[in-house]
Each structure stands twice: as C-alpha cells, then as structure tokens.
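Chemist: Take a look at the following structure, please.
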Amino acid sequence: MTEEKKAVLTVSFGTGCREAGERTIGAVEREIREQFAGCEFCRAWTSRTIGRMLKERDGTDVEQVDEALERLLADGYRSVTVPVTFVIRGREYDRLMQTVRSYQGRFDRLVCGEPLLTDGRDFREVVAVMEKELAPYRREDTVIVLMGHGTEHVANFSYERLQQAFHDCSLTDFVVGTVEESPTKQNMLRLVEEKKPWRVVLAPFLLTAGEHVRHDIAGAQPDSWKSRFLAAGYQVECVTKGLGEYAGIREIYARHAREAEERNMAEAGVQSADGALPYGVLCGIGVGPGDPELLTQKAIRRMRECDVLMVPTEDYRSSIAWQIAVRAVPELEKKPCVGVAIPMVRDAQERHAAHGAAALRVMELLEQGMDVGFLNLGDVTLYASYLYIHRLVSAGGYRTELVNGVPSFCAAAAALGVSLAEDAEELHILSQPEQIREGLGLPGTKVVMKSGKHFQRVKDAILKEGRDAMLVENCGLPGEKLCRSLKDLEGEPGYYSLLIIKDR
C-alpha cells in the first residue's frame, strides 16, 4: 500500500507589509510547520485585494483557498488539515468554512482549525500571554488599551468576552476596544477616564502590526487613537508588536493546528490524544405556547438528555417555559436549572449586555462538558430572545442546535377553530403597534403578536379601520380565554394575548 499523501494548508487574511508579515504570519506558520513533519506545507490568503497588490508590486503569488485546494487535489493529496491565523470567528472564517464545505467529499478528509479566540481556554491563555508580554508597560498610573479590528459580525462579541476574561483575572488596568466596531474610540475614552490614569499604553490586538497600527492607532492624523488620547490630556505610548510576535500566542495557534489534525485523525479511525471534543452542546428548545401536550417528542427527548436546563428568567421556577416543561416531564424537577436575566427593554445596550452575560454562563457550562437545554416559550425561531444567545454561543465555536416548538398563532387558530390560510391566501405576522395600520391593508390573514401593553392602541387602530379581530389570551395555559370579536371584549387582556384578523 502506498502511504497517504497529507498536506497542511495554513490560511490567513494576509498583509501588504512584508516585514511585519514575516514577523507575524510567517512566525505562526513556522510554529505550525514544526508540528507536521512529513506533510506538504502550503499557505493561502483570503484577501484577494492584498493578493492582487502583492502580484502587481512584488510579483509575488499567494494562492487563494480554492486555488490551493484545487492544486492539492490535482497533486493527489487526500488528507488536508487547514489551520487558520484569524483572531476571531468572524466573516473571514465564515467564508473560509463555506469554501471548505464545498470541497467536502472531494478529499478523503478535510478539517479546518479554529481561530485564536474560540473557547474559554483560549481566552484565559490569551489573557496570560498579554499580561506577561505587556508587564514592562504596567504601572499604577497606566491603563493599557488593546485594540482589535472589530466587525459587524456577531463574533464581535469575542472582544467583550476578552474584556470579561481580563476582569475575571483582576487585570482591571486592561481595556479592550476595536478600530471599526464596538467598543469604539468614544467608549474607550469614557472607560479610560473612569479609571483616572495619567498614562495610556496603546497596544494592537491584531495578528500583524501593519497599516491599522501605523495609521489608525499610532498615526499623527487627528482621528487616530494616539491623537485622541493625547488631546484628552494623557501621556501616550504605543506598542507596535502584532500578536504573531508573541511566543505564547503562536503556541495557541499551534495547539489549534494540532487539535485540527487530531480531528482529522479521528475521522480516519485513529484515536486522538484527547479523544472526542469535550465540550457540551447547546440546544434551544421551543416548548410551545402553553399546553404541555403540544410539546414535540423531540423537545421532550432533548430535555431529558441534557445535563442542565436554562430559562430566560432569574427565578427559573417562575418561568412559564419551565412550568410548561415540568408539567409535560415531571422528572425535570430533579434536573439542575439555571435562570438568567433577559430584560424586555428597548435599550439596545442593556439588552446586548444581558444577552452577552447569558451567553457567557452557557459557555461556562458547555466547557464543563455539560449539554445545555435552553427553554423558550413558543418556537425558537420566532421572535425568540433565545436566538441572540444562540448566535453568540455559536459564534464562539460551540456546537448548537434548535428544536422547534408549536407557534402560538397556530395553537390560537386551533383553539378558535379557524384556519390561518387557505388556497393562495396570504398570512402576515405583525409584532409592533406601528405595523398595524399598514398591515391591515395587506391581503389575507393578519396575526398580531406581542400586543401586550400596547393593546389599546392596537385595538383602536383595528376598530378605526372598520375591522374586527379574534383574540386568544393565555393560549394553552390555565385561564385561557377566547374572544371572537373585539366588540365583545371586557376589560384589557394580559401580556400573553394574540389577535387574528381575517379578511372574511
């Protein structure tokens, strides 16, 4: 038998700064290469813009990921491990995974590694590295500001999680910001001002200390980070090292490469050193609108299988979702349950902070090897607060799944004995008072959810248009009430009320 041809393809975003790239990307690649003796080693960059620039300026060719994979296929390589030098699981990582998935089945094995900040161990190790490397700059009168790139992607949450990791280690003189997203320069100025330092040290939290460091961070222009802090009256010092220049950071990348190779070996039937991935799975479980008999068999099975339940209420026993679940599966009384605060407020910053805190609590449990079942009233894909937490945990690299529940408007229609849509009839879901007037003009059936405290405004808008609606209050719950006309409604319904407006 001929020996299988194996390759390692290291993927980076890329850089146009040759010297800085050699000190960072090049150094990480060399660290990874040492782990894979006997394998073909190659690199690819995801930035086509940088690739074109290098070609025109230096005559240098750096392959794109698809180009490198096609070449490896043509050269007969059947097993490929793909370590990455990304910092977070952002848009570039998503694009890479999309490309890798398109090649699954064409190789015998093709496994992608993880970015620098993926699980709790990574955050703790990164904090330890930055504490050690920046120790010479730390003084009682100094705040160290780490500046990441930032992204509109949900993975931007990683910078907040990193800030929390510094806080957990009592390193309160470290603050984390981003060049292009939240936390912004304004946020950083406020945070630094609260600490009342005399001196500020600006350090890039970027793999390569290239253009962003020279211009956005340490540049002389008025809107650079250095200029803004100088204008605020601080003494400012700039660190110009990229993350790839720190040995401890390179070791984390190398560990991720080894872990990716172990998964590759496991797929080949070879037992890895650590065995299967140790972390648990987060499962969002829709428990339906209220009637415990409407829980799906899958929801019941996943609730029984998970190690711990979570609900979006601090006092979990007062959670309607938990009460529905325990009526269907009484033995859940004996299962550990954690309540987390998810405030229903308009303030986006407050909501975001609550979702982030809940996601961190979930990640802690997953890293203990526990499977977490997060209960959600109704369906997990419909106006579900849980989905914000789900996205944050998923962006952190943890395994997640969704289990649907019966939507409240389907159960309400059944309770009223009416159809929601027939033949080519349209169905429209409205959730805000501002949507009512325009929504009433739409053809077909209209469902108004979450009317709650805005009910009187919604009712007035419906009656003013000469229309009527059916109402179900507490669908499937004790105290369920049905009303077939708003004109017959006495008093004001409670929070869990739903309206159905038919054209006929």
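Please note that chains go A, B, ... in the order of the structure tokens, that every chain numbers its residues from 1, and that ligands are numbered from 1 in the order shown.
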Counting only C-alpha atoms, what are the residues of stretch 1-59 of chain A within 8 Å of stretch 84-105 of chain A, and for each of them which pair of atoms is the nearest and at what distance in Å, to one decimal? Sort the table by chain and rising number, as a tab-separated table.
Modeler:
```
residue	atom	partner	partner_atom	distance
A:Thr10	CA	A:Val84	CA	5.6
A:Val11	CA	A:Val84	CA	4.7
A:Ser12	CA	A:Thr85	CA	5.2
A:Phe13	CA	A:Phe86	CA	7.1
A:Ile25	CA	A:Thr85	CA	7.4
A:Val28	CA	A:Thr85	CA	7.6
A:Thr46	CA	A:Glu92	CA	7.3
```
Chemist: Those selected residues, please, written with C-alpha atoms and delivered as a JSON list (two decimals), in the first residue's frame.
Modeler:
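Listing of selection24.json after writing:
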```json
[["chain", "number", "residue", "atom", "x", "y", "z"],
["A", 10, "THR", "CA", -2.39, 27.45, 6.65],
["A", 11, "VAL", "CA", -4.94, 30.18, 5.91],
["A", 12, "SER", "CA", -4.51, 33.88, 6.81],
["A", 13, "PHE", "CA", -6.23, 37.10, 5.81],
["A", 25, "ILE", "CA", 2.09, 35.38, 9.88],
["A", 28, "VAL", "CA", 2.97, 31.48, 13.22],
["A", 46, "THR", "CA", -8.32, 35.09, 1.88]]
```
Chemist: For A:Arg250, list every protein, DNA or RNA residue within 9 Å, evaluated using only C-alpha atoms, and leave out those in the same chain fewer than 2 positions away; present the list as a ChimeraX atom specification.
Modeler: /A:24,27-29,31-32,243-248,252-255
Chemist: Restricting the output to N, CA and C atoms, write the selected residues as a tab-separated table (two decimals), in the first residue's frame.
Modeler:
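Heads up, here's the output in part-v3.tsv:
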```
chain	number	residue	atom	x	y	z
A	24	THR	N	5.08	37.98	11.87
A	24	THR	CA	3.82	37.55	12.49
A	24	THR	C	3.23	36.32	11.79
A	27	ALA	N	5.91	33.80	11.28
A	27	ALA	CA	6.34	33.17	12.53
A	27	ALA	C	5.32	32.13	12.99
A	28	VAL	N	4.02	32.45	12.85
A	28	VAL	CA	2.97	31.48	13.22
A	28	VAL	C	3.05	30.25	12.31
A	29	GLU	N	3.25	30.49	11.02
A	29	GLU	CA	3.35	29.37	10.07
A	29	GLU	C	4.53	28.46	10.41
A	31	GLU	N	5.83	28.02	13.36
A	31	GLU	CA	5.47	27.29	14.58
A	31	GLU	C	4.58	26.10	14.25
A	32	ILE	N	3.62	26.32	13.37
A	32	ILE	CA	2.70	25.24	12.98
A	32	ILE	C	3.44	24.17	12.19
A	243	LEU	N	0.23	40.43	17.36
A	243	LEU	CA	0.07	39.25	18.20
A	243	LEU	C	0.99	38.11	17.77
A	244	GLY	N	1.25	38.00	16.48
A	244	GLY	CA	2.09	36.92	15.98
A	244	GLY	C	3.52	36.99	16.44
A	245	GLU	N	3.93	38.11	17.04
A	245	GLU	CA	5.30	38.26	17.54
A	245	GLU	C	5.45	37.73	18.95
A	246	TYR	N	4.33	37.32	19.58
A	246	TYR	CA	4.38	36.80	20.94
A	246	TYR	C	4.41	35.27	20.92
A	247	ALA	N	5.41	34.67	21.55
A	247	ALA	CA	5.57	33.22	21.53
A	247	ALA	C	4.33	32.50	22.08
A	248	GLY	N	3.75	33.05	23.12
A	248	GLY	CA	2.58	32.42	23.73
A	248	GLY	C	1.38	32.38	22.79
A	252	ILE	N	-0.65	29.02	20.97
A	252	ILE	CA	-2.09	28.76	20.92
A	252	ILE	C	-2.50	28.38	19.50
A	253	TYR	N	-1.99	29.11	18.51
A	253	TYR	CA	-2.27	28.76	17.12
A	253	TYR	C	-1.77	27.35	16.81
A	254	ALA	N	-0.58	27.02	17.31
A	254	ALA	CA	-0.03	25.68	17.06
A	254	ALA	C	-0.89	24.61	17.72
A	255	ARG	N	-1.38	24.90	18.93
A	255	ARG	CA	-2.27	23.94	19.61
A	255	ARG	C	-3.53	23.72	18.81
```
Chemist: Hey, what's within 12 Å of A:Thr60 if we count only C-alpha atoms and toss same-chain stuff fewer than 3 positions away? As a list of chain:residue names, please?
Modeler: A:Gly16, A:Arg18, A:Ile50, A:Gly51, A:Arg52, A:Met53, A:Leu54, A:Lys55, A:Glu56, A:Arg57, A:Glu63
Chemist: Go ahead and dump the residues you just picked, N, CA and C atoms, as an mmCIF file, in the first residue's frame.
Modeler:
```cif
data_model
loop_
_atom_site.group_PDB
_atom_site.id
_atom_site.type_symbol
_atom_site.label_atom_id
_atom_site.label_comp_id
_atom_site.auth_asym_id
_atom_site.auth_seq_id
_atom_site.Cartn_x
_atom_site.Cartn_y
_atom_site.Cartn_z
ATOM 1 N N GLY A 16 -0.087 43.446 3.408
ATOM 2 C CA GLY A 16 0.753 44.058 2.384
ATOM 3 C C GLY A 16 2.092 44.502 2.925
ATOM 4 N N ARG A 18 5.496 43.517 4.117
ATOM 5 C CA ARG A 18 6.333 42.328 4.003
ATOM 6 C C ARG A 18 7.041 42.009 5.323
ATOM 7 N N ILE A 50 -5.323 42.119 -1.261
ATOM 8 C CA ILE A 50 -3.906 42.057 -0.907
ATOM 9 C C ILE A 50 -3.156 41.173 -1.899
ATOM 10 N N GLY A 51 -3.791 40.077 -2.311
ATOM 11 C CA GLY A 51 -3.149 39.194 -3.289
ATOM 12 C C GLY A 51 -2.822 39.922 -4.576
ATOM 13 N N ARG A 52 -3.779 40.723 -5.085
ATOM 14 C CA ARG A 52 -3.535 41.485 -6.318
ATOM 15 C C ARG A 52 -2.438 42.515 -6.118
ATOM 16 N N MET A 53 -2.438 43.166 -4.950
ATOM 17 C CA MET A 53 -1.435 44.189 -4.673
ATOM 18 C C MET A 53 -0.026 43.595 -4.656
ATOM 19 N N LEU A 54 0.130 42.441 -4.014
ATOM 20 C CA LEU A 54 1.442 41.797 -3.958
ATOM 21 C C LEU A 54 1.911 41.375 -5.343
ATOM 22 N N LYS A 55 0.964 40.906 -6.159
ATOM 23 C CA LYS A 55 1.300 40.485 -7.507
ATOM 24 C C LYS A 55 1.809 41.668 -8.324
ATOM 25 N N GLU A 56 1.107 42.807 -8.230
ATOM 26 C CA GLU A 56 1.487 43.982 -9.010
ATOM 27 C C GLU A 56 2.753 44.639 -8.465
ATOM 28 N N ARG A 57 2.885 44.692 -7.142
ATOM 29 C CA ARG A 57 4.004 45.411 -6.533
ATOM 30 C C ARG A 57 5.280 44.592 -6.496
ATOM 31 N N GLU A 63 -1.601 31.976 -3.121
ATOM 32 C CA GLU A 63 -2.834 31.318 -3.536
ATOM 33 C C GLU A 63 -4.031 31.727 -2.686
#
```
Chemist: Counting only C-alpha atoms, figure out which residue out of A:Leu282, A:Val287, A:Val145, A:Val179 gets nearest to A:Glu401.
Modeler: A:Leu282
Chemist: What lies within 9 Å of A:Ile324 using only C-alpha atoms, ignoring chain neighbours under 3 positions off, as an MDAnalysis selection string?
Modeler: chainID A and resid 287:292 295 319:321 327:329 377 477
Chemist: Taking only C-alpha atoms into account, name the residue in A:Pro136, A:Gly21, A:Gly148, A:Pro183 that is nearest to A:Gln349.
Modeler: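 Nearest to A:Gln349: A:Pro183.
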Chemist: Do you know which residues are at most 12 Å from A:Pro443 counting only C-alpha atoms, after dropping those on the same chain fewer than 2 positions away, and could you put them as a ChimeraX atom specification?
Modeler: /A:421,424-428,438-441,445-446,501-504
Chemist: Using DSSP on the backbone coordinates, identify all residues within stretch 154-240 of chain A classified as alpha helix (DSSP H); present the result as a PyMOL selection string.
Modeler: chain A and resi 157-168+185-195+211+225-231
Chemist: Between A:Phe41, A:Phe374, A:Tyr159, A:Tyr496, single out the one closest to A:Gly339, counting only C-alpha atoms.
Modeler: A:Phe374
Chemist: Here is a test: counting only C-alpha atoms, which residue of A:Ser419, A:Ser170, A:Gln221, A:Gln164 is nearest to A:Gly356?
Modeler: A:Gln164
Chemist: For each of A:Thr142, A:Ala412, A:Pro433, A:Asp223, take the minimum atom-to-atom distance to A:Gly378, counting only C-alpha atoms, then give the residue where this is smallest.
Modeler: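 Ranking A:Thr142, A:Ala412, A:Pro433, A:Asp223 by distance to A:Gly378, first place goes to A:Ala412.
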Chemist: With distances taken over only C-alpha atoms, which residue among A:Leu116, A:Val175, A:Met370, A:Val62 lies nearest A:Thr15?
Modeler: A:Val62
Chemist: Which of stretch 130-160 of chain A end up as strand (DSSP E) when DSSP is run on this backbone - answer as a list in words?
Modeler: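 Listing strand (DSSP E) positions across stretch 130-160 of chain A yields Thr142, Val143, Ile144, Val145, Leu146, Met147 and Gly148 of chain A.
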Chemist: Can you tell me which residues surround A:Ala7 at a distance of at most 12 Å, considering only C-alpha atoms, apart from same-chain residues fewer than 6 positions away, and format the answer as a list in words?
Modeler: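 Listed by chain and then number, they are Arg33, Phe36, Ala37, Gly38, Cys39, Glu40, Phe41, Cys42, Arg43, Ala68, Leu69, Arg71, Leu72, Leu73, Asp75, Gly76, Tyr77, Arg78, Ser79, Val80, Thr81, Val82, Pro83, Phe107, Arg109, Leu110, Val111, Glu261 and Asn264 of chain A.
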Chemist: Take the residues that were just selected and, keeping N, CA and C atoms, output them as a PDB file, in the first residue's frame.
Modeler:
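Output saved as part_5.pdb:
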```pdb
ATOM      1  N   ARG A  33       4.320  24.617  11.320  1.00  0.00           N
ATOM      2  CA  ARG A  33       5.039  23.677  10.437  1.00  0.00           C
ATOM      3  C   ARG A  33       5.822  22.657  11.239  1.00  0.00           C
ATOM      4  N   PHE A  36       4.145  19.304  12.019  1.00  0.00           N
ATOM      5  CA  PHE A  36       3.674  18.417  10.950  1.00  0.00           C
ATOM      6  C   PHE A  36       4.826  17.923  10.065  1.00  0.00           C
ATOM      7  N   ALA A  37       5.773  17.235  10.673  1.00  0.00           N
ATOM      8  CA  ALA A  37       6.885  16.675   9.900  1.00  0.00           C
ATOM      9  C   ALA A  37       6.353  15.651   8.902  1.00  0.00           C
ATOM     10  N   GLY A  38       6.847  15.714   7.689  1.00  0.00           N
ATOM     11  CA  GLY A  38       6.446  14.747   6.679  1.00  0.00           C
ATOM     12  C   GLY A  38       5.232  15.139   5.876  1.00  0.00           C
ATOM     13  N   CYS A  39       4.595  16.248   6.216  1.00  0.00           N
ATOM     14  CA  CYS A  39       3.431  16.714   5.459  1.00  0.00           C
ATOM     15  C   CYS A  39       3.840  17.815   4.485  1.00  0.00           C
ATOM     16  N   GLU A  40       3.151  17.882   3.363  1.00  0.00           N
ATOM     17  CA  GLU A  40       3.296  19.030   2.465  1.00  0.00           C
ATOM     18  C   GLU A  40       2.748  20.250   3.176  1.00  0.00           C
ATOM     19  N   PHE A  41       3.499  21.347   3.169  1.00  0.00           N
ATOM     20  CA  PHE A  41       3.059  22.557   3.872  1.00  0.00           C
ATOM     21  C   PHE A  41       2.889  23.687   2.863  1.00  0.00           C
ATOM     22  N   CYS A  42       1.716  24.341   2.873  1.00  0.00           N
ATOM     23  CA  CYS A  42       1.477  25.458   1.967  1.00  0.00           C
ATOM     24  C   CYS A  42       0.596  26.499   2.646  1.00  0.00           C
ATOM     25  N   ARG A  43       0.489  27.659   2.033  1.00  0.00           N
ATOM     26  CA  ARG A  43      -0.280  28.756   2.618  1.00  0.00           C
ATOM     27  C   ARG A  43      -1.270  29.304   1.604  1.00  0.00           C
ATOM     28  N   ALA A  68      -5.562  26.805  -3.807  1.00  0.00           N
ATOM     29  CA  ALA A  68      -4.675  25.868  -3.117  1.00  0.00           C
ATOM     30  C   ALA A  68      -5.305  24.480  -3.022  1.00  0.00           C
ATOM     31  N   LEU A  69      -6.603  24.426  -2.719  1.00  0.00           N
ATOM     32  CA  LEU A  69      -7.278  23.128  -2.606  1.00  0.00           C
ATOM     33  C   LEU A  69      -7.343  22.416  -3.958  1.00  0.00           C
ATOM     34  N   ARG A  71      -5.171  22.717  -6.368  1.00  0.00           N
ATOM     35  CA  ARG A  71      -3.814  22.236  -6.661  1.00  0.00           C
ATOM     36  C   ARG A  71      -3.507  20.973  -5.869  1.00  0.00           C
ATOM     37  N   LEU A  72      -3.894  20.950  -4.581  1.00  0.00           N
ATOM     38  CA  LEU A  72      -3.641  19.769  -3.759  1.00  0.00           C
ATOM     39  C   LEU A  72      -4.402  18.558  -4.283  1.00  0.00           C
ATOM     40  N   LEU A  73      -5.626  18.791  -4.755  1.00  0.00           N
ATOM     41  CA  LEU A  73      -6.392  17.698  -5.359  1.00  0.00           C
ATOM     42  C   LEU A  73      -5.673  17.155  -6.593  1.00  0.00           C
ATOM     43  N   ASP A  75      -2.614  17.268  -7.272  1.00  0.00           N
ATOM     44  CA  ASP A  75      -1.343  16.633  -6.923  1.00  0.00           C
ATOM     45  C   ASP A  75      -1.532  15.333  -6.140  1.00  0.00           C
ATOM     46  N   GLY A  76      -2.787  14.943  -5.923  1.00  0.00           N
ATOM     47  CA  GLY A  76      -3.059  13.642  -5.305  1.00  0.00           C
ATOM     48  C   GLY A  76      -3.120  13.629  -3.796  1.00  0.00           C
ATOM     49  N   TYR A  77      -3.243  14.778  -3.157  1.00  0.00           N
ATOM     50  CA  TYR A  77      -3.357  14.812  -1.698  1.00  0.00           C
ATOM     51  C   TYR A  77      -4.788  14.477  -1.295  1.00  0.00           C
ATOM     52  N   ARG A  78      -4.953  13.531  -0.339  1.00  0.00           N
ATOM     53  CA  ARG A  78      -6.284  13.068   0.052  1.00  0.00           C
ATOM     54  C   ARG A  78      -6.678  13.515   1.452  1.00  0.00           C
ATOM     55  N   SER A  79      -5.717  13.949   2.259  1.00  0.00           N
ATOM     56  CA  SER A  79      -5.989  14.379   3.633  1.00  0.00           C
ATOM     57  C   SER A  79      -5.370  15.750   3.845  1.00  0.00           C
ATOM     58  N   VAL A  80      -6.215  16.731   4.183  1.00  0.00           N
ATOM     59  CA  VAL A  80      -5.729  18.106   4.340  1.00  0.00           C
ATOM     60  C   VAL A  80      -6.227  18.678   5.667  1.00  0.00           C
ATOM     61  N   THR A  81      -5.313  19.228   6.445  1.00  0.00           N
ATOM     62  CA  THR A  81      -5.644  19.962   7.673  1.00  0.00           C
ATOM     63  C   THR A  81      -5.446  21.450   7.388  1.00  0.00           C
ATOM     64  N   VAL A  82      -6.420  22.260   7.789  1.00  0.00           N
ATOM     65  CA  VAL A  82      -6.408  23.689   7.447  1.00  0.00           C
ATOM     66  C   VAL A  82      -6.364  24.534   8.729  1.00  0.00           C
ATOM     67  N   PRO A  83      -5.176  24.790   9.299  1.00  0.00           N
ATOM     68  CA  PRO A  83      -5.080  25.718  10.430  1.00  0.00           C
ATOM     69  C   PRO A  83      -5.335  27.151   9.943  1.00  0.00           C
ATOM     70  N   PHE A 107     -12.061  15.424  -1.003  1.00  0.00           N
ATOM     71  CA  PHE A 107     -10.921  14.851  -0.286  1.00  0.00           C
ATOM     72  C   PHE A 107     -11.443  13.707   0.586  1.00  0.00           C
ATOM     73  N   ARG A 109     -10.389  13.384   3.649  1.00  0.00           N
ATOM     74  CA  ARG A 109     -10.566  14.118   4.905  1.00  0.00           C
ATOM     75  C   ARG A 109     -10.108  15.557   4.702  1.00  0.00           C
ATOM     76  N   LEU A 110     -10.905  16.481   5.174  1.00  0.00           N
ATOM     77  CA  LEU A 110     -10.582  17.907   5.068  1.00  0.00           C
ATOM     78  C   LEU A 110     -11.127  18.579   6.323  1.00  0.00           C
ATOM     79  N   VAL A 111     -10.237  19.006   7.216  1.00  0.00           N
ATOM     80  CA  VAL A 111     -10.638  19.534   8.522  1.00  0.00           C
ATOM     81  C   VAL A 111     -10.061  20.928   8.705  1.00  0.00           C
ATOM     82  N   GLU A 261      -5.658  18.525  13.500  1.00  0.00           N
ATOM     83  CA  GLU A 261      -5.078  17.295  12.985  1.00  0.00           C
ATOM     84  C   GLU A 261      -5.613  16.077  13.737  1.00  0.00           C
ATOM     85  N   ASN A 264      -8.800  15.288  12.342  1.00  0.00           N
ATOM     86  CA  ASN A 264      -8.573  14.659  11.044  1.00  0.00           C
ATOM     87  C   ASN A 264      -8.235  13.180  11.231  1.00  0.00           C
TER      88      ASN A 264
END
```
Chemist: Any idea what's packed within 12 Å of A:Leu402, counting only C-alpha atoms, ignoring anything in its chain fewer than 2 positions away? Could you give it as a list in words?
Modeler: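 With the cut-off at 12 Å, the set is Val281, Leu282, Cys283, Gly284, Ile285, Gly286, Val287, Lys298, Ala299, Arg302, Val372, Gly373, Phe374, Leu375, Asn376, Asp379, Val380, Thr381, Leu382, Ala384, Tyr386, Leu387, His390, Arg391, Ser394, Arg399, Thr400, Asn404 and Gly405 of chain A.
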Chemist: Those selected residues, please, written with N, CA and C atoms and delivered as an mmCIF file, in the first residue's frame.
Modeler:
```
data_model
loop_
_atom_site.group_PDB
_atom_site.id
_atom_site.type_symbol
_atom_site.label_atom_id
_atom_site.label_comp_id
_atom_site.auth_asym_id
_atom_site.auth_seq_id
_atom_site.Cartn_x
_atom_site.Cartn_y
_atom_site.Cartn_z
ATOM 1 N N VAL A 281 -23.168 20.509 24.218
ATOM 2 C CA VAL A 281 -23.935 21.072 23.120
ATOM 3 C C VAL A 281 -25.039 21.952 23.698
ATOM 4 N N LEU A 282 -25.233 23.117 23.094
ATOM 5 C CA LEU A 282 -26.347 23.987 23.466
ATOM 6 C C LEU A 282 -27.525 23.678 22.554
ATOM 7 N N CYS A 283 -28.667 23.397 23.166
ATOM 8 C CA CYS A 283 -29.870 23.075 22.393
ATOM 9 C C CYS A 283 -30.982 24.045 22.788
ATOM 10 N N GLY A 284 -31.408 24.899 21.856
ATOM 11 C CA GLY A 284 -32.553 25.767 22.084
ATOM 12 C C GLY A 284 -33.829 24.969 21.852
ATOM 13 N N ILE A 285 -34.685 24.928 22.854
ATOM 14 C CA ILE A 285 -35.861 24.056 22.804
ATOM 15 C C ILE A 285 -37.133 24.887 22.892
ATOM 16 N N GLY A 286 -37.944 24.861 21.835
ATOM 17 C CA GLY A 286 -39.241 25.515 21.870
ATOM 18 C C GLY A 286 -40.244 24.633 22.596
ATOM 19 N N VAL A 287 -40.887 25.188 23.628
ATOM 20 C CA VAL A 287 -41.816 24.383 24.440
ATOM 21 C C VAL A 287 -43.272 24.619 24.055
ATOM 22 N N LYS A 298 -39.454 15.292 20.214
ATOM 23 C CA LYS A 298 -38.035 15.649 20.172
ATOM 24 C C LYS A 298 -37.678 16.603 21.298
ATOM 25 N N ALA A 299 -38.558 17.585 21.562
ATOM 26 C CA ALA A 299 -38.299 18.529 22.658
ATOM 27 C C ALA A 299 -38.226 17.795 23.992
ATOM 28 N N ARG A 302 -34.921 15.797 24.150
ATOM 29 C CA ARG A 302 -33.727 16.625 24.373
ATOM 30 C C ARG A 302 -33.701 17.198 25.786
ATOM 31 N N VAL A 372 -26.536 21.682 27.421
ATOM 32 C CA VAL A 372 -27.463 22.675 27.982
ATOM 33 C C VAL A 372 -28.709 22.750 27.119
ATOM 34 N N GLY A 373 -29.877 22.596 27.754
ATOM 35 C CA GLY A 373 -31.145 22.787 27.064
ATOM 36 C C GLY A 373 -31.741 24.116 27.461
ATOM 37 N N PHE A 374 -31.810 25.062 26.538
ATOM 38 C CA PHE A 374 -32.337 26.402 26.840
ATOM 39 C C PHE A 374 -33.796 26.446 26.399
ATOM 40 N N LEU A 375 -34.711 26.613 27.358
ATOM 41 C CA LEU A 375 -36.138 26.574 27.080
ATOM 42 C C LEU A 375 -36.635 27.936 26.603
ATOM 43 N N ASN A 376 -37.493 27.894 25.595
ATOM 44 C CA ASN A 376 -38.037 29.118 25.017
ATOM 45 C C ASN A 376 -39.531 28.928 24.769
ATOM 46 N N ASP A 379 -41.907 29.019 19.750
ATOM 47 C CA ASP A 379 -40.925 28.440 18.836
ATOM 48 C C ASP A 379 -39.618 29.221 18.922
ATOM 49 N N VAL A 380 -38.495 28.503 18.816
ATOM 50 C CA VAL A 380 -37.177 29.137 18.981
ATOM 51 C C VAL A 380 -36.779 30.009 17.798
ATOM 52 N N THR A 381 -37.507 29.950 16.698
ATOM 53 C CA THR A 381 -37.128 30.747 15.526
ATOM 54 C C THR A 381 -38.050 31.940 15.303
ATOM 55 N N LEU A 382 -38.976 32.198 16.226
ATOM 56 C CA LEU A 382 -39.979 33.233 16.009
ATOM 57 C C LEU A 382 -39.985 34.226 17.165
ATOM 58 N N ALA A 384 -37.823 35.103 19.202
ATOM 59 C CA ALA A 384 -37.277 34.443 20.388
ATOM 60 C C ALA A 384 -36.050 35.181 20.902
ATOM 61 N N TYR A 386 -34.078 34.011 22.909
ATOM 62 C CA TYR A 386 -33.026 32.993 22.970
ATOM 63 C C TYR A 386 -32.096 33.048 21.774
ATOM 64 N N LEU A 387 -32.602 33.418 20.600
ATOM 65 C CA LEU A 387 -31.785 33.373 19.388
ATOM 66 C C LEU A 387 -30.548 34.264 19.487
ATOM 67 N N HIS A 390 -28.108 32.196 21.296
ATOM 68 C CA HIS A 390 -27.720 31.096 20.412
ATOM 69 C C HIS A 390 -26.636 31.548 19.431
ATOM 70 N N ARG A 391 -26.833 32.713 18.836
ATOM 71 C CA ARG A 391 -25.863 33.210 17.857
ATOM 72 C C ARG A 391 -24.516 33.509 18.500
ATOM 73 N N SER A 394 -22.848 30.153 19.314
ATOM 74 C CA SER A 394 -22.435 29.528 18.057
ATOM 75 C C SER A 394 -21.208 30.219 17.484
ATOM 76 N N ARG A 399 -20.904 23.850 19.696
ATOM 77 C CA ARG A 399 -21.929 23.158 18.937
ATOM 78 C C ARG A 399 -23.310 23.569 19.439
ATOM 79 N N THR A 400 -24.207 23.824 18.513
ATOM 80 C CA THR A 400 -25.551 24.282 18.863
ATOM 81 C C THR A 400 -26.578 23.601 17.969
ATOM 82 N N ASN A 404 -37.678 22.959 17.261
ATOM 83 C CA ASN A 404 -38.862 23.798 17.093
ATOM 84 C C ASN A 404 -39.970 23.453 18.085
ATOM 85 N N GLY A 405 -40.792 24.464 18.362
ATOM 86 C CA GLY A 405 -41.999 24.274 19.159
ATOM 87 C C GLY A 405 -43.208 24.749 18.371
#
```
Chemist: Between atom CA of A:Cys337 and atom CA of A:Val308, what is the distance in Å, rounded to a tenth?
Modeler: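 Pair atom CA of A:Cys337 / atom CA of A:Val308 returns 5.6 Å.
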Chemist: Grab the atom CA of A:Gln435 to atom CA of A:Phe409 distance for me, in Å with one decimal place.
Modeler: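 Calculated distance between atom CA of A:Gln435 and atom CA of A:Phe409 is 17.3 Å.
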